[in-house]
$ cat target.cif   # mmCIF, C-alpha atoms
data_work
loop_
_atom_site.label_atom_id
_atom_site.label_comp_id
_atom_site.auth_asym_id
_atom_site.auth_seq_id
_atom_site.Cartn_x
_atom_site.Cartn_y
_atom_site.Cartn_z
CA MET A 2 138.24 108.88 90.80
CA ALA A 3 136.62 105.51 90.24
CA ASP A 4 135.44 104.46 86.78
CA LEU A 5 131.72 104.73 86.23
CA THR A 6 129.72 102.76 83.68
CA VAL A 7 126.24 104.00 82.81
CA ILE A 8 123.50 102.54 80.67
CA GLY A 9 121.17 104.93 78.89
CA ILE A 10 117.90 103.54 77.58
CA ASP A 11 115.50 105.04 75.03
CA PRO A 12 112.41 102.83 75.23
CA GLY A 13 109.88 102.42 72.45
CA SER A 14 107.18 99.89 71.66
CA ARG A 15 108.93 98.89 68.40
CA PHE A 16 112.60 99.62 69.05
CA THR A 17 114.33 100.22 72.36
CA GLY A 18 117.71 101.85 72.05
CA TRP A 19 120.38 101.23 74.65
CA GLY A 20 123.91 102.49 75.05
CA ILE A 21 126.58 101.93 77.67
CA VAL A 22 129.21 104.60 78.30
CA ARG A 23 132.20 104.41 80.64
CA GLU A 24 133.95 107.37 82.19
CA ALA A 25 137.51 106.60 83.28
CA SER A 26 139.84 109.39 84.46
CA GLY A 27 137.47 111.94 82.96
CA VAL A 28 137.51 110.29 79.51
CA LEU A 29 134.27 108.98 78.00
CA SER A 30 134.22 105.82 75.90
CA LEU A 31 131.58 103.66 74.28
CA VAL A 32 131.29 100.20 75.87
CA ASP A 33 128.49 98.84 73.68
CA CYS A 34 125.17 99.87 72.23
CA GLY A 35 122.31 98.46 70.24
CA LEU A 36 118.60 98.11 69.65
CA VAL A 37 116.07 95.68 71.07
CA HIS A 38 113.53 94.89 68.35
CA SER A 39 110.05 94.12 69.61
CA GLU A 40 107.97 94.52 66.48
CA GLY A 41 107.11 91.68 64.14
CA GLN A 42 104.96 90.06 66.81
CA LYS A 43 101.72 91.13 65.21
CA ASN A 44 99.88 87.92 65.96
CA LYS A 45 100.96 88.03 69.57
CA CYS A 46 99.39 90.20 72.23
CA PHE A 47 101.12 93.42 73.21
CA SER A 48 102.37 91.88 76.45
CA ALA A 49 104.45 89.45 74.37
CA ARG A 50 106.17 92.42 72.70
CA LEU A 51 106.83 93.93 76.12
CA ALA A 52 108.26 90.64 77.35
CA ARG A 53 110.67 90.75 74.40
CA ILE A 54 111.87 94.21 75.48
CA TYR A 55 112.36 92.84 78.99
CA SER A 56 114.39 89.82 77.89
CA GLY A 57 116.50 91.94 75.53
CA LEU A 58 117.38 94.53 78.17
CA ASN A 59 117.83 91.82 80.78
CA ALA A 60 120.48 90.17 78.60
CA VAL A 61 122.27 93.50 78.04
CA LEU A 62 122.24 94.36 81.76
CA GLY A 63 123.39 90.87 82.69
CA SER A 64 126.35 90.87 80.33
CA HIS A 65 127.56 94.45 80.95
CA ASN A 66 126.58 94.99 84.56
CA PRO A 67 126.53 98.83 84.45
CA ASP A 68 126.84 100.82 87.70
CA GLU A 69 123.98 103.22 87.03
CA ALA A 70 121.05 103.74 84.67
CA ALA A 71 119.50 106.81 83.08
CA MET A 72 116.43 107.43 80.97
CA GLU A 73 114.54 110.37 79.56
CA GLN A 74 111.38 111.24 81.42
CA VAL A 75 108.40 111.37 79.08
CA PHE A 76 105.62 113.85 79.66
CA THR A 77 103.83 114.03 76.36
CA ALA A 78 102.77 111.85 73.47
CA LYS A 79 100.80 112.31 70.27
CA ASN A 80 97.68 110.80 71.81
CA ALA A 81 96.53 108.54 74.61
CA ALA A 82 96.95 105.38 72.51
CA SER A 83 100.60 106.05 71.67
CA ALA A 84 101.20 107.22 75.25
CA LEU A 85 99.95 103.85 76.52
CA LYS A 86 102.33 101.96 74.22
CA LEU A 87 105.31 104.18 74.96
CA GLY A 88 104.51 104.15 78.68
CA GLN A 89 104.42 100.36 78.80
CA ALA A 90 107.77 100.09 77.02
CA ARG A 91 109.27 102.60 79.47
CA GLY A 92 107.84 100.71 82.44
CA VAL A 93 109.44 97.51 81.20
CA ALA A 94 112.81 99.25 80.91
CA VAL A 95 112.59 100.63 84.47
CA ALA A 96 111.63 97.17 85.75
CA ALA A 97 114.54 95.53 83.91
CA CYS A 98 116.87 97.98 85.67
CA ALA A 99 115.18 97.37 89.03
CA ALA A 100 115.68 93.63 88.51
CA HIS A 101 119.43 94.32 88.33
CA GLY A 102 119.37 96.53 91.43
CA LEU A 103 119.69 99.73 89.39
CA ASP A 104 117.77 102.89 90.23
CA VAL A 105 116.94 104.88 87.11
CA SER A 106 117.75 108.59 87.02
CA ASP A 107 115.13 110.48 85.01
CA TYR A 108 116.10 113.45 82.85
CA GLU A 109 113.92 115.89 81.00
CA PRO A 110 114.46 115.61 77.24
CA ARG A 111 115.37 119.33 77.02
CA LEU A 112 118.05 118.90 79.66
CA VAL A 113 119.62 115.97 77.80
CA LYS A 114 119.70 117.89 74.52
CA ASN A 115 121.02 120.99 76.22
CA SER A 116 123.79 119.18 78.06
CA LEU A 117 125.08 117.68 74.80
CA THR A 118 124.50 120.39 72.24
CA GLY A 119 123.94 123.55 74.28
CA VAL A 120 120.47 123.81 72.77
CA GLY A 121 117.38 122.37 74.49
CA SER A 122 115.47 122.15 71.24
CA ALA A 123 118.20 120.35 69.26
CA ASP A 124 116.95 117.66 66.87
CA LYS A 125 117.94 113.99 66.94
CA GLU A 126 120.57 114.42 64.20
CA GLN A 127 122.32 117.18 66.14
CA VAL A 128 122.29 115.03 69.28
CA ALA A 129 123.66 112.08 67.26
CA PHE A 130 126.44 114.30 65.87
CA MET A 131 127.55 115.29 69.38
CA VAL A 132 127.32 111.71 70.67
CA ARG A 133 129.61 110.52 67.84
CA ARG A 134 132.02 113.34 68.56
CA MET A 135 132.11 112.91 72.35
CA LEU A 136 132.64 109.15 72.07
CA ASN A 137 135.08 109.40 69.12
CA LEU A 138 132.94 107.22 66.90
CA GLY A 139 133.95 108.92 63.64
CA GLN A 140 131.42 108.33 60.89
CA GLN A 141 130.09 105.09 62.42
CA ARG A 142 126.37 104.95 61.66
CA LEU A 143 124.11 104.29 64.60
CA ALA A 144 120.31 104.23 64.80
CA LEU A 145 118.87 107.42 66.26
CA ASP A 146 117.21 105.43 69.07
CA THR A 147 120.70 104.24 69.99
CA THR A 148 122.29 107.71 69.89
CA ASP A 149 119.40 109.03 72.02
CA ALA A 150 120.16 106.31 74.56
CA LEU A 151 123.87 107.15 74.53
CA ALA A 152 122.97 110.85 74.93
CA VAL A 153 121.10 110.30 78.18
CA ALA A 154 123.99 108.16 79.51
CA ILE A 155 126.45 110.96 78.66
CA CYS A 156 124.11 113.54 80.25
CA HIS A 157 123.97 111.45 83.43
CA LEU A 158 127.77 111.13 83.58
CA GLY A 159 128.03 114.92 83.20
CA ARG A 160 125.60 115.47 86.08
CA ARG A 161 127.52 113.03 88.27
CA ARG A 162 130.78 114.83 87.46
CA LEU A 163 129.21 118.18 88.45
CA ALA A 164 127.89 116.64 91.68
CA ARG A 165 131.37 115.32 92.57
CA LEU A 166 132.94 118.74 91.86
CA ALA A 167 130.29 120.47 93.96
CA ALA A 168 130.96 118.05 96.82
CA LYS A 169 134.72 118.78 96.65
CA VAL A 170 134.15 122.57 96.71
CA SER A 171 131.70 122.58 99.61
CA MET B 18 92.89 67.63 85.68
CA ALA B 19 95.90 69.37 87.18
CA ASP B 20 95.50 72.30 89.56
CA LEU B 21 96.14 75.69 88.04
CA THR B 22 97.16 78.83 89.93
CA VAL B 23 96.77 82.16 88.19
CA ILE B 24 97.80 85.67 89.19
CA GLY B 25 95.66 88.54 87.95
CA ILE B 26 97.17 92.02 88.08
CA ASP B 27 95.46 95.40 87.86
CA PRO B 28 98.31 97.89 87.48
CA GLY B 29 98.09 101.55 88.41
CA SER B 30 100.63 104.28 89.09
CA ARG B 31 99.40 104.67 92.71
CA PHE B 32 98.01 101.24 93.59
CA THR B 33 98.54 97.95 91.81
CA GLY B 34 96.01 95.28 92.71
CA TRP B 35 96.97 91.63 92.53
CA GLY B 36 95.05 88.46 93.23
CA ILE B 37 95.95 84.78 93.02
CA VAL B 38 93.24 82.21 92.34
CA ARG B 39 93.61 78.42 92.27
CA GLU B 40 91.36 76.05 90.38
CA ALA B 41 91.45 72.50 91.74
CA SER B 42 88.99 69.87 90.48
CA GLY B 43 86.88 72.63 88.97
CA VAL B 44 86.61 74.55 92.25
CA LEU B 45 87.96 78.09 92.49
CA SER B 46 89.60 79.38 95.66
CA LEU B 47 91.43 82.51 96.73
CA VAL B 48 95.12 81.93 97.42
CA ASP B 49 96.07 85.48 98.36
CA CYS B 50 95.51 89.04 97.21
CA GLY B 51 96.61 92.55 98.00
CA LEU B 52 97.73 95.96 96.85
CA VAL B 53 101.17 97.30 96.05
CA HIS B 54 101.31 100.94 97.14
CA SER B 55 103.58 103.13 95.06
CA GLU B 56 102.42 106.58 96.01
CA GLY B 57 103.92 108.63 98.81
CA GLN B 58 107.15 108.97 96.85
CA LYS B 59 106.47 112.53 95.85
CA ASN B 60 110.03 113.71 96.23
CA LYS B 61 111.31 110.82 94.20
CA CYS B 62 111.26 110.60 90.43
CA PHE B 63 108.53 108.56 88.78
CA SER B 64 110.97 105.73 88.02
CA ALA B 65 111.37 105.22 91.79
CA ARG B 66 107.61 104.66 92.08
CA LEU B 67 107.77 102.19 89.21
CA ALA B 68 110.66 100.37 90.88
CA ARG B 69 108.46 100.02 93.97
CA ILE B 70 105.73 98.36 91.88
CA TYR B 71 108.37 96.02 90.48
CA SER B 72 109.75 95.01 93.87
CA GLY B 73 106.25 94.53 95.29
CA LEU B 74 105.09 92.28 92.47
CA ASN B 75 108.43 90.50 92.40
CA ALA B 76 107.98 89.55 96.07
CA VAL B 77 104.41 88.32 95.43
CA LEU B 78 105.46 86.24 92.41
CA GLY B 79 108.46 84.83 94.26
CA SER B 80 106.45 83.71 97.27
CA HIS B 81 103.41 82.29 95.43
CA ASN B 82 104.96 81.08 92.18
CA PRO B 83 101.74 81.11 90.10
CA ASP B 84 101.52 78.99 86.93
CA GLU B 85 100.09 81.70 84.69
CA ALA B 86 99.42 85.44 84.62
CA ALA B 87 96.58 87.55 83.25
CA MET B 88 96.00 91.26 82.89
CA GLU B 89 93.46 93.56 81.32
CA GLN B 90 94.57 95.12 78.07
CA VAL B 91 94.26 98.90 78.19
CA PHE B 92 93.32 100.83 75.09
CA THR B 93 92.13 104.15 76.40
CA ALA B 94 92.88 106.69 79.09
CA LYS B 95 91.57 110.10 80.07
CA ASN B 96 94.48 111.85 78.39
CA ALA B 97 98.02 111.29 77.20
CA ALA B 98 99.53 112.17 80.60
CA SER B 99 97.49 109.61 82.52
CA ALA B 100 98.03 107.08 79.72
CA LEU B 101 101.79 107.48 80.14
CA LYS B 102 101.56 106.83 83.88
CA LEU B 103 99.18 103.89 83.54
CA GLY B 104 101.20 102.47 80.66
CA GLN B 105 104.41 102.55 82.65
CA ALA B 106 102.80 100.78 85.60
CA ARG B 107 101.43 98.13 83.24
CA GLY B 108 104.82 97.69 81.58
CA VAL B 109 106.42 97.12 84.98
CA ALA B 110 103.83 94.44 85.78
CA VAL B 111 104.44 92.61 82.49
CA ALA B 112 108.20 92.76 83.10
CA ALA B 113 107.81 91.39 86.64
CA CYS B 114 105.91 88.43 85.17
CA ALA B 115 108.53 87.98 82.43
CA ALA B 116 111.22 87.93 85.11
CA HIS B 117 109.44 84.92 86.62
CA GLY B 118 109.10 83.18 83.25
CA LEU B 119 105.38 84.00 82.99
CA ASP B 120 103.73 85.07 79.75
CA VAL B 121 100.87 87.46 80.37
CA SER B 122 97.51 86.77 78.75
CA ASP B 123 95.75 90.03 77.83
CA TYR B 124 91.99 90.36 78.10
CA GLU B 125 89.74 93.17 76.97
CA PRO B 126 88.03 94.83 79.95
CA ARG B 127 84.58 94.14 78.46
CA LEU B 128 85.38 90.44 78.15
CA VAL B 129 86.46 90.23 81.80
CA LYS B 130 83.30 91.97 83.00
CA ASN B 131 81.13 89.87 80.74
CA SER B 132 82.67 86.57 81.80
CA LEU B 133 81.99 87.35 85.47
CA THR B 134 78.69 89.21 85.43
CA GLY B 135 77.23 88.47 82.01
CA VAL B 136 77.33 92.21 81.25
CA GLY B 137 80.26 93.82 79.42
CA SER B 138 79.48 97.22 80.87
CA ALA B 139 79.23 96.10 84.52
CA ASP B 140 80.70 98.52 87.06
CA LYS B 141 83.47 97.73 89.53
CA GLU B 142 81.05 97.07 92.41
CA GLN B 143 79.14 94.49 90.37
CA VAL B 144 82.41 92.79 89.41
CA ALA B 145 83.50 92.84 93.08
CA PHE B 146 80.16 91.28 94.11
CA MET B 147 80.67 88.38 91.68
CA VAL B 148 84.32 87.92 92.69
CA ARG B 149 83.30 87.62 96.37
CA ARG B 150 80.56 85.16 95.43
CA MET B 151 82.68 82.98 93.13
CA LEU B 152 85.49 82.76 95.68
CA ASN B 153 83.18 82.39 98.69
CA LEU B 154 84.58 85.44 100.41
CA GLY B 155 81.34 86.39 102.16
CA GLN B 156 81.31 90.03 103.19
CA GLN B 157 85.10 90.34 103.31
CA ARG B 158 85.98 93.85 102.16
CA LEU B 159 88.57 94.11 99.45
CA ALA B 160 89.86 97.14 97.56
CA LEU B 161 88.33 97.46 94.10
CA ASP B 162 91.79 97.30 92.52
CA THR B 163 92.17 93.92 94.19
CA THR B 164 88.77 92.58 93.07
CA ASP B 165 89.54 93.76 89.52
CA ALA B 166 92.78 91.78 89.66
CA LEU B 167 90.94 88.69 90.97
CA ALA B 168 88.34 89.15 88.21
CA VAL B 169 90.90 88.90 85.42
CA ALA B 170 92.43 85.81 87.06
CA ILE B 171 88.97 84.18 87.23
CA CYS B 172 88.28 85.19 83.60
CA HIS B 173 91.55 83.56 82.53
CA LEU B 174 90.75 80.33 84.41
CA GLY B 175 87.35 80.25 82.68
CA ARG B 176 88.97 80.65 79.26
CA ARG B 177 91.47 77.88 80.03
CA ARG B 178 88.62 75.61 81.12
CA LEU B 179 86.78 76.27 77.85
CA ALA B 180 89.94 75.59 75.87
CA ARG B 181 90.42 72.24 77.65
CA LEU B 182 86.80 71.27 76.98
CA ALA B 183 87.12 72.25 73.32
CA ALA B 184 90.29 70.15 73.04
CA LYS B 185 88.46 67.12 74.49
CA VAL B 186 85.52 67.49 72.09
CA SER B 187 87.61 67.90 68.93
#

$ encode --input "target.cif" --output "structure tokens"
Amino acid sequence: MADLTVIGIDPGSRFTGWGIVREASGVLSLVDCGLVHSEGQKNKCFSARLARIYSGLNAVLGSHNPDEAAMEQVFTAKNAASALKLGQARGVAVAACAAHGLDVSDYEPRLVKNSLTGVGSADKEQVAFMVRRMLNLGQQRLALDTTDALAVAICHLGRRRLARLAAKVS
Amino acid sequence: MADLTVIGIDPGSRFTGWGIVREASGVLSLVDCGLVHSEGQKNKCFSARLARIYSGLNAVLGSHNPDEAAMEQVFTAKNAASALKLGQARGVAVAACAAHGLDVSDYEPRLVKNSLTGVGSADKEQVAFMVRRMLNLGQQRLALDTTDALAVAICHLGRRRLARLAAKVS
């Protein structure tokens, strides 16, 4: 079975978490992860903040060259104004992936939480706990935007594993 | 005074209008314009539609190589769900510009309408009428998403002209 390297992205208008996970011979490992900061551009227009997200993700994708990309689908937001900001950040992330020839697999947030913790309504701390455990990160502290990004990458790898098993059986 | 070529973009989750306007010796002319269609992907996830917007705009930017880019800023939407869709389309458009080294200048919708028609609350048909007149397009029919895109490009060129004049005076 070939190795598979997946980037998970958790976009936000202030911080965009990203995490790259490799599965080799059925074993998951952390390749790299981090946050793209796009706040602190208060005097600049919002498009300048978005461009910063793009250049940050572009650099990550260029240096790690993942095989596939995954992101949570977003259906709701507090209000239309925050939905517009979040939506734009997410659009930038999808475009950054498209620029590197990567299709993005969308996952419902409940599915991601369920696949990691067994509970669709798990909170971010519970998801972070499972991410640290599945990637053997010990007590290493990571931002919750980063663990959310790693979670969707791990969820995607799990789905791909199931798909391969299903293909073998049929 | 050097020529200046500007792309205006009017992003949407189904249709993204784009229009490229050149100003040479104070005279405006249409370079090219069109629509990127991203609907008709119902069986695909939303990210696939966004990737289509990216590849469409990427092709336009690559073939025309405009000097600058302009887009309407969006502050409101009918509801959070449509804001998320619109926001993502807009984020993709900003990222496509960033990928071509273009900063995007944001303009308030009222300012764009006002700079073309003299009325901040003008409707799309009135804006389209002025776009056709300013670019000498006669009765040529264009989609309203396209004329909106041309309008923001024309607005941006007007602002740049004013800035140059102000710099000369001071």

$ closest_atom_pairs --input "target.cif" --of "chain A" --to "chain B" --cutoff "8 Å" --atoms "only C-alpha atoms" --output "tab-separated table"
residue	atom	partner	partner_atom	distance
A:Cys46	CA	B:Asp123	CA	6.7
A:Phe47	CA	B:Asp123	CA	7.9
A:Ser48	CA	B:Val121	CA	6.1
A:Ala49	CA	B:Asp120	CA	7.0
A:Leu51	CA	B:Gly108	CA	6.9
A:Ala52	CA	B:Ala115	CA	5.7
A:Tyr55	CA	B:Ala112	CA	5.8
A:Ser56	CA	B:Ala115	CA	7.6
A:Val75	CA	B:Leu101	CA	7.7
A:Phe76	CA	B:Ala98	CA	6.4
A:Thr77	CA	B:Ala98	CA	6.3
A:Ala78	CA	B:Ala97	CA	6.1
A:Lys79	CA	B:Ala97	CA	7.5
A:Asn80	CA	B:Ala97	CA	5.4
A:Ala81	CA	B:Ala97	CA	4.1
A:Ala82	CA	B:Thr93	CA	6.3
A:Ala84	CA	B:Leu101	CA	4.9
A:Leu85	CA	B:Gly104	CA	4.5
A:Lys86	CA	B:Gly104	CA	6.6
A:Leu87	CA	B:Leu101	CA	7.1
A:Gly88	CA	B:Gly104	CA	4.2
A:Gln89	CA	B:Gly108	CA	3.9
A:Ala90	CA	B:Gly108	CA	5.9
A:Arg91	CA	B:Gln105	CA	5.8
A:Gly92	CA	B:Gln105	CA	3.9
A:Val93	CA	B:Gly108	CA	4.6
A:Ala94	CA	B:Val109	CA	7.9
A:Val95	CA	B:Ser64	CA	6.4
A:Ala96	CA	B:Val109	CA	5.3
A:Ala97	CA	B:Ala112	CA	7.0
A:Ala99	CA	B:Ala68	CA	5.7
A:Ala100	CA	B:Tyr71	CA	7.9
A:Asp104	CA	B:Ala65	CA	7.0
A:Val105	CA	B:Ser64	CA	6.1
A:Ser106	CA	B:Ser64	CA	7.4
A:Asp107	CA	B:Cys62	CA	6.7

$ residues_around --input "target.cif" --residues "Glu126 in chain A" --least-positions-apart "4" --cutoff "9 Å" --atoms "only C-alpha atoms" --output "MDAnalysis selection string"
chainID A and resid 130:131 145 148

$ closest_residue --input "target.cif" --among "B:Asp140, B:Asp84, B:Asp49, B:Glu125" --to "Gly34 in chain B" --atoms "all atoms listed in the file"
B:Asp49

$ atom_distance --input "target.cif" --atom1 "CA of Gln143 in chain B" --atom2 "CA of Val23 in chain B"
21.6 Å

$ closest_residue --input "target.cif" --among "B:Ser46, B:Thr163, B:Ser138, B:Gln157" --to "Asp20 in chain B" --atoms "only C-alpha atoms"
B:Ser46

$ closest_residue --input "target.cif" --among "A:Ala3, A:Ile21, A:Cys34, A:Leu29" --to "Leu136 in chain A" --atoms "only C-alpha atoms"
A:Leu29

$ calpha_fit_and_write --input "target.cif" --fixed "chain A" --moving "chain B" --output "short mmCIF file (atom, residue, chain, number, x, y, z; two decimals) with C-alpha atoms, keeping the file's coordinate frame"
data_model
loop_
_atom_site.label_atom_id
_atom_site.label_comp_id
_atom_site.auth_asym_id
_atom_site.auth_seq_id
_atom_site.Cartn_x
_atom_site.Cartn_y
_atom_site.Cartn_z
CA MET B 18 138.26 108.88 90.82
CA ALA B 19 136.62 105.52 90.25
CA ASP B 20 135.44 104.47 86.80
CA LEU B 21 131.72 104.72 86.24
CA THR B 22 129.70 102.76 83.68
CA VAL B 23 126.24 104.00 82.82
CA ILE B 24 123.49 102.52 80.66
CA GLY B 25 121.17 104.93 78.89
CA ILE B 26 117.89 103.54 77.57
CA ASP B 27 115.50 105.02 75.02
CA PRO B 28 112.40 102.83 75.23
CA GLY B 29 109.87 102.42 72.45
CA SER B 30 107.17 99.89 71.66
CA ARG B 31 108.92 98.88 68.39
CA PHE B 32 112.60 99.60 69.05
CA THR B 33 114.33 100.22 72.36
CA GLY B 34 117.72 101.86 72.04
CA TRP B 35 120.38 101.23 74.66
CA GLY B 36 123.91 102.49 75.05
CA ILE B 37 126.59 101.93 77.67
CA VAL B 38 129.21 104.61 78.29
CA ARG B 39 132.21 104.41 80.63
CA GLU B 40 133.96 107.37 82.19
CA ALA B 41 137.52 106.61 83.29
CA SER B 42 139.84 109.40 84.46
CA GLY B 43 137.47 111.94 82.95
CA VAL B 44 137.51 110.30 79.51
CA LEU B 45 134.28 108.98 78.01
CA SER B 46 134.22 105.83 75.90
CA LEU B 47 131.58 103.65 74.28
CA VAL B 48 131.28 100.22 75.87
CA ASP B 49 128.50 98.84 73.69
CA CYS B 50 125.17 99.88 72.22
CA GLY B 51 122.31 98.46 70.24
CA LEU B 52 118.60 98.11 69.65
CA VAL B 53 116.08 95.68 71.07
CA HIS B 54 113.54 94.89 68.35
CA SER B 55 110.06 94.13 69.62
CA GLU B 56 107.99 94.50 66.50
CA GLY B 57 107.17 91.65 64.15
CA GLN B 58 104.99 90.06 66.82
CA LYS B 59 101.77 91.12 65.19
CA ASN B 60 99.91 87.93 65.95
CA LYS B 61 100.96 88.05 69.55
CA CYS B 62 99.38 90.20 72.22
CA PHE B 63 101.11 93.43 73.20
CA SER B 64 102.36 91.88 76.45
CA ALA B 65 104.45 89.45 74.35
CA ARG B 66 106.18 92.42 72.70
CA LEU B 67 106.82 93.93 76.11
CA ALA B 68 108.25 90.64 77.35
CA ARG B 69 110.66 90.74 74.40
CA ILE B 70 111.87 94.21 75.47
CA TYR B 71 112.35 92.84 78.98
CA SER B 72 114.38 89.82 77.88
CA GLY B 73 116.50 91.94 75.53
CA LEU B 74 117.38 94.52 78.16
CA ASN B 75 117.82 91.82 80.78
CA ALA B 76 120.48 90.16 78.60
CA VAL B 77 122.26 93.50 78.04
CA LEU B 78 122.25 94.36 81.75
CA GLY B 79 123.39 90.86 82.70
CA SER B 80 126.34 90.87 80.32
CA HIS B 81 127.56 94.44 80.94
CA ASN B 82 126.56 95.00 84.56
CA PRO B 83 126.52 98.83 84.44
CA ASP B 84 126.85 100.82 87.69
CA GLU B 85 123.97 103.20 87.03
CA ALA B 86 121.04 103.73 84.67
CA ALA B 87 119.49 106.81 83.08
CA MET B 88 116.42 107.43 80.98
CA GLU B 89 114.53 110.37 79.57
CA GLN B 90 111.37 111.23 81.44
CA VAL B 91 108.39 111.35 79.10
CA PHE B 92 105.61 113.83 79.69
CA THR B 93 103.83 114.02 76.38
CA ALA B 94 102.77 111.85 73.48
CA LYS B 95 100.80 112.33 70.29
CA ASN B 96 97.68 110.82 71.83
CA ALA B 97 96.52 108.56 74.62
CA ALA B 98 96.95 105.39 72.52
CA SER B 99 100.59 106.06 71.68
CA ALA B 100 101.20 107.22 75.26
CA LEU B 101 99.94 103.86 76.52
CA LYS B 102 102.32 101.98 74.23
CA LEU B 103 105.31 104.19 74.98
CA GLY B 104 104.52 104.15 78.69
CA GLN B 105 104.43 100.38 78.80
CA ALA B 106 107.77 100.10 77.02
CA ARG B 107 109.26 102.60 79.46
CA GLY B 108 107.83 100.72 82.44
CA VAL B 109 109.43 97.51 81.19
CA ALA B 110 112.80 99.26 80.93
CA VAL B 111 112.58 100.62 84.48
CA ALA B 112 111.62 97.16 85.75
CA ALA B 113 114.55 95.53 83.92
CA CYS B 114 116.88 97.99 85.68
CA ALA B 115 115.17 97.35 89.04
CA ALA B 116 115.67 93.62 88.51
CA HIS B 117 119.41 94.31 88.32
CA GLY B 118 119.37 96.51 91.43
CA LEU B 119 119.68 99.72 89.39
CA ASP B 120 117.75 102.88 90.23
CA VAL B 121 116.92 104.86 87.12
CA SER B 122 117.73 108.57 87.03
CA ASP B 123 115.13 110.48 85.00
CA TYR B 124 116.11 113.44 82.86
CA GLU B 125 113.92 115.89 81.00
CA PRO B 126 114.46 115.61 77.24
CA ARG B 127 115.36 119.32 77.01
CA LEU B 128 118.04 118.90 79.67
CA VAL B 129 119.62 115.97 77.80
CA LYS B 130 119.69 117.89 74.52
CA ASN B 131 121.01 120.99 76.22
CA SER B 132 123.79 119.18 78.06
CA LEU B 133 125.08 117.68 74.80
CA THR B 134 124.50 120.40 72.24
CA GLY B 135 123.94 123.54 74.29
CA VAL B 136 120.45 123.81 72.77
CA GLY B 137 117.37 122.37 74.50
CA SER B 138 115.47 122.15 71.24
CA ALA B 139 118.20 120.34 69.26
CA ASP B 140 116.95 117.66 66.87
CA LYS B 141 117.95 113.99 66.93
CA GLU B 142 120.58 114.41 64.19
CA GLN B 143 122.33 117.18 66.13
CA VAL B 144 122.30 115.03 69.27
CA ALA B 145 123.67 112.08 67.26
CA PHE B 146 126.45 114.30 65.85
CA MET B 147 127.55 115.29 69.37
CA VAL B 148 127.32 111.71 70.66
CA ARG B 149 129.61 110.50 67.84
CA ARG B 150 132.02 113.35 68.56
CA MET B 151 132.11 112.91 72.35
CA LEU B 152 132.66 109.16 72.05
CA ASN B 153 135.08 109.40 69.12
CA LEU B 154 132.94 107.23 66.90
CA GLY B 155 133.95 108.92 63.65
CA GLN B 156 131.43 108.30 60.90
CA GLN B 157 130.09 105.09 62.43
CA ARG B 158 126.38 104.93 61.67
CA LEU B 159 124.10 104.29 64.59
CA ALA B 160 120.31 104.22 64.79
CA LEU B 161 118.87 107.42 66.25
CA ASP B 162 117.22 105.43 69.05
CA THR B 163 120.70 104.25 69.98
CA THR B 164 122.30 107.72 69.89
CA ASP B 165 119.41 109.04 72.02
CA ALA B 166 120.15 106.31 74.56
CA LEU B 167 123.88 107.16 74.52
CA ALA B 168 122.98 110.85 74.92
CA VAL B 169 121.10 110.29 78.17
CA ALA B 170 123.98 108.16 79.50
CA ILE B 171 126.45 110.97 78.67
CA CYS B 172 124.10 113.55 80.25
CA HIS B 173 123.97 111.46 83.43
CA LEU B 174 127.77 111.13 83.58
CA GLY B 175 128.04 114.92 83.20
CA ARG B 176 125.61 115.48 86.08
CA ARG B 177 127.52 113.03 88.28
CA ARG B 178 130.77 114.82 87.46
CA LEU B 179 129.23 118.16 88.45
CA ALA B 180 127.91 116.66 91.67
CA ARG B 181 131.38 115.33 92.56
CA LEU B 182 132.96 118.72 91.85
CA ALA B 183 130.32 120.48 93.95
CA ALA B 184 130.98 118.05 96.81
CA LYS B 185 134.72 118.81 96.65
CA VAL B 186 134.16 122.59 96.70
CA SER B 187 131.70 122.61 99.61
#

$ resolve_selection --input "target.cif" --expression "the PyMOL selection byres ((chain A and resi 152) around 8)" --output "PDB file with C-alpha atoms, keeping the file's coordinate frame"
ATOM      1  CA  GLY A   9     121.170 104.930  78.890  1.00  0.00           C
ATOM      2  CA  VAL A 113     119.620 115.970  77.800  1.00  0.00           C
ATOM      3  CA  LYS A 114     119.700 117.890  74.520  1.00  0.00           C
ATOM      4  CA  LEU A 117     125.080 117.680  74.800  1.00  0.00           C
ATOM      5  CA  VAL A 128     122.290 115.030  69.280  1.00  0.00           C
ATOM      6  CA  ALA A 129     123.660 112.080  67.260  1.00  0.00           C
ATOM      7  CA  VAL A 132     127.320 111.710  70.670  1.00  0.00           C
ATOM      8  CA  THR A 148     122.290 107.710  69.890  1.00  0.00           C
ATOM      9  CA  ASP A 149     119.400 109.030  72.020  1.00  0.00           C
ATOM     10  CA  ALA A 150     120.160 106.310  74.560  1.00  0.00           C
ATOM     11  CA  LEU A 151     123.870 107.150  74.530  1.00  0.00           C
ATOM     12  CA  VAL A 153     121.100 110.300  78.180  1.00  0.00           C
ATOM     13  CA  ALA A 154     123.990 108.160  79.510  1.00  0.00           C
ATOM     14  CA  ILE A 155     126.450 110.960  78.660  1.00  0.00           C
ATOM     15  CA  CYS A 156     124.110 113.540  80.250  1.00  0.00           C
TER      16      CYS A 156
END

$ atom_distance --input "target.cif" --atom1 "CA of Ala160 in chain B" --atom2 "CA of Ala76 in chain B"
19.7 Å

$ closest_residue --input "target.cif" --among "B:Gln156, B:Pro126, B:Leu182, B:Asp162" --to "Phe32 in chain B" --atoms "all atoms listed in the file"
B:Asp162

$ closest_residue --input "target.cif" --among "A:Arg161, A:His65, A:Arg133, A:Arg15" --to "Val32 in chain A" --atoms "only C-alpha atoms"
A:His65
